Amino acid sequence: MKKSSIVVAGMLCLLTTGCGSLGSGMLGGSNSSSDAGSILGGVFGAMTNGETIGNVLGSVIGLDKMSQDQLYGTWRYDGPGCAFTSSNALAKAGGEVVATQIEDKLQAQYAQLGVKQSNTFITFNQDGTFSSKIAGKSFSGNYTYNPSTSALTLRGLLLNLNGFVTRNSNGISVLFESKKLLSLMQTMAAFSGNSTLGTISDISKNYDGVRMGFDMAK
């Protein structure tokens, strides 16, 4: 069996395990059998190549862990990031299809704030310090990373953030609970007088278990 087939089989097991109660929660429907078929069709209908399969794996926090050593270095902004806290949350939301839709909405929001590859990055140093810029605004301090849970904590003068690091097909995603991301972006936006951040707040109301942030690549 090819590696991609094994991955798809594994994801089927993960997602179908979490689909027993799809008639409630984010879907809000009453026909759980029909909903489950629709969701799985959306998730696996998008799995046309190895890159997409990698994206789906990267859409579940902690499913594809990275070591402390792999985190070190400078990572530059590569686009909005989105992942779910569990395979159940991923399945309920509609999988990689909905993750892509969320990222598209964040793209417009980030563009308003001036977030670009040239002015947005984060450097993780081996001594436990980090330095970063978001839309050209500096944010630095100390960090801790737990490889077993993918949990990331950033402590700086402006604010403290608890988040996650997960792999994606091109590098990593640095992700936060929506209210934490909103606080971060509001802090950065205050420097430029931009307060149009409604999309981030709206997404959190519609999708339980979603974490949002930044895709980063070296």
# chains A, B, ... in the order shown; residues from 1 in each chain; ligands from 1
>>> select_by_dssp(residues="region 37-172 of chain A", states="alpha helix (DSSP H)", output="PyMOL selection string")
chain A and resi 37-45+50-58+68-71+87-93+96-113
>>> closest_residue(among="A:Leu154, A:Asp215, A:Gln107, A:Leu63", to="Ser169 (chain A)", atoms="only C-alpha atoms")
A:Asp215
>>> atom_distance(atom1="CA of Ser132 (chain A)", atom2="CA of Tyr207 (chain A)")
28.3 Å
>>> residues_around(residues="Tyr143 (chain A)", least_positions_apart="6", cutoff="6 Å", atoms="only C-alpha atoms", output="ChimeraX atom specification")
/A:128-129,153-154
>>> write_last_selection(atoms="N, CA, C and O atoms", output="PDB file, in the first residue's frame")
ATOM      1  N   GLY A 128      15.841  30.054  24.640  1.00  0.00           N
ATOM      2  CA  GLY A 128      14.495  30.265  25.149  1.00  0.00           C
ATOM      3  C   GLY A 128      13.943  31.659  24.905  1.00  0.00           C
ATOM      4  O   GLY A 128      12.884  32.008  25.429  1.00  0.00           O
ATOM      5  N   THR A 129      14.628  32.457  24.109  1.00  0.00           N
ATOM      6  CA  THR A 129      14.121  33.779  23.744  1.00  0.00           C
ATOM      7  C   THR A 129      13.600  33.757  22.313  1.00  0.00           C
ATOM      8  O   THR A 129      13.964  32.900  21.516  1.00  0.00           O
ATOM      9  N   THR A 153       4.123  28.945  24.471  1.00  0.00           N
ATOM     10  CA  THR A 153       3.836  30.129  25.283  1.00  0.00           C
ATOM     11  C   THR A 153       4.829  31.222  24.935  1.00  0.00           C
ATOM     12  O   THR A 153       6.039  30.984  24.931  1.00  0.00           O
ATOM     13  N   LEU A 154       4.320  32.403  24.629  1.00  0.00           N
ATOM     14  CA  LEU A 154       5.144  33.570  24.317  1.00  0.00           C
ATOM     15  C   LEU A 154       4.915  34.611  25.407  1.00  0.00           C
ATOM     16  O   LEU A 154       3.770  35.006  25.665  1.00  0.00           O
TER      17      LEU A 154
END
>>> atom_distance(atom1="CA of Thr74 (chain A)", atom2="CA of Glu177 (chain A)")
22.7 Å
>>> closest_residue(among="A:Gly114, A:Ile102, A:Ala108, A:Gly79", to="Asn206 (chain A)", atoms="only C-alpha atoms")
A:Ile102
>>> residues_around(residues="Met212 (chain A)", least_positions_apart="4", cutoff="6 Å", atoms="only C-alpha atoms", output="compact mmCIF listing (two decimals) with all heavy atoms, in the first residue's frame")
# COMPACT_ATOMS: atom_id res chain seq x y z
N GLY A 81 -2.94 31.04 9.00
CA GLY A 81 -2.94 29.64 9.43
C GLY A 81 -4.21 29.29 10.18
O GLY A 81 -4.83 30.15 10.82
N CYS A 82 -4.60 28.02 10.09
CA CYS A 82 -5.81 27.56 10.77
C CYS A 82 -5.67 26.07 11.04
O CYS A 82 -5.20 25.31 10.20
CB CYS A 82 -7.03 27.83 9.90
SG CYS A 82 -8.56 27.10 10.51
N LEU A 175 -0.30 29.14 16.04
CA LEU A 175 -1.74 29.32 16.17
C LEU A 175 -2.15 29.69 17.58
O LEU A 175 -1.51 29.31 18.56
CB LEU A 175 -2.46 28.03 15.76
CG LEU A 175 -2.09 27.46 14.39
CD1 LEU A 175 -2.66 26.06 14.24
CD2 LEU A 175 -2.59 28.37 13.28
N PHE A 176 -3.28 30.41 17.67
CA PHE A 176 -3.80 30.86 18.96
C PHE A 176 -5.31 30.72 19.01
O PHE A 176 -5.98 30.70 17.98
CB PHE A 176 -3.44 32.33 19.19
CG PHE A 176 -1.98 32.64 19.03
CD1 PHE A 176 -1.49 33.13 17.82
CD2 PHE A 176 -1.09 32.41 20.05
CE1 PHE A 176 -0.14 33.41 17.65
CE2 PHE A 176 0.26 32.67 19.89
CZ PHE A 176 0.74 33.17 18.70
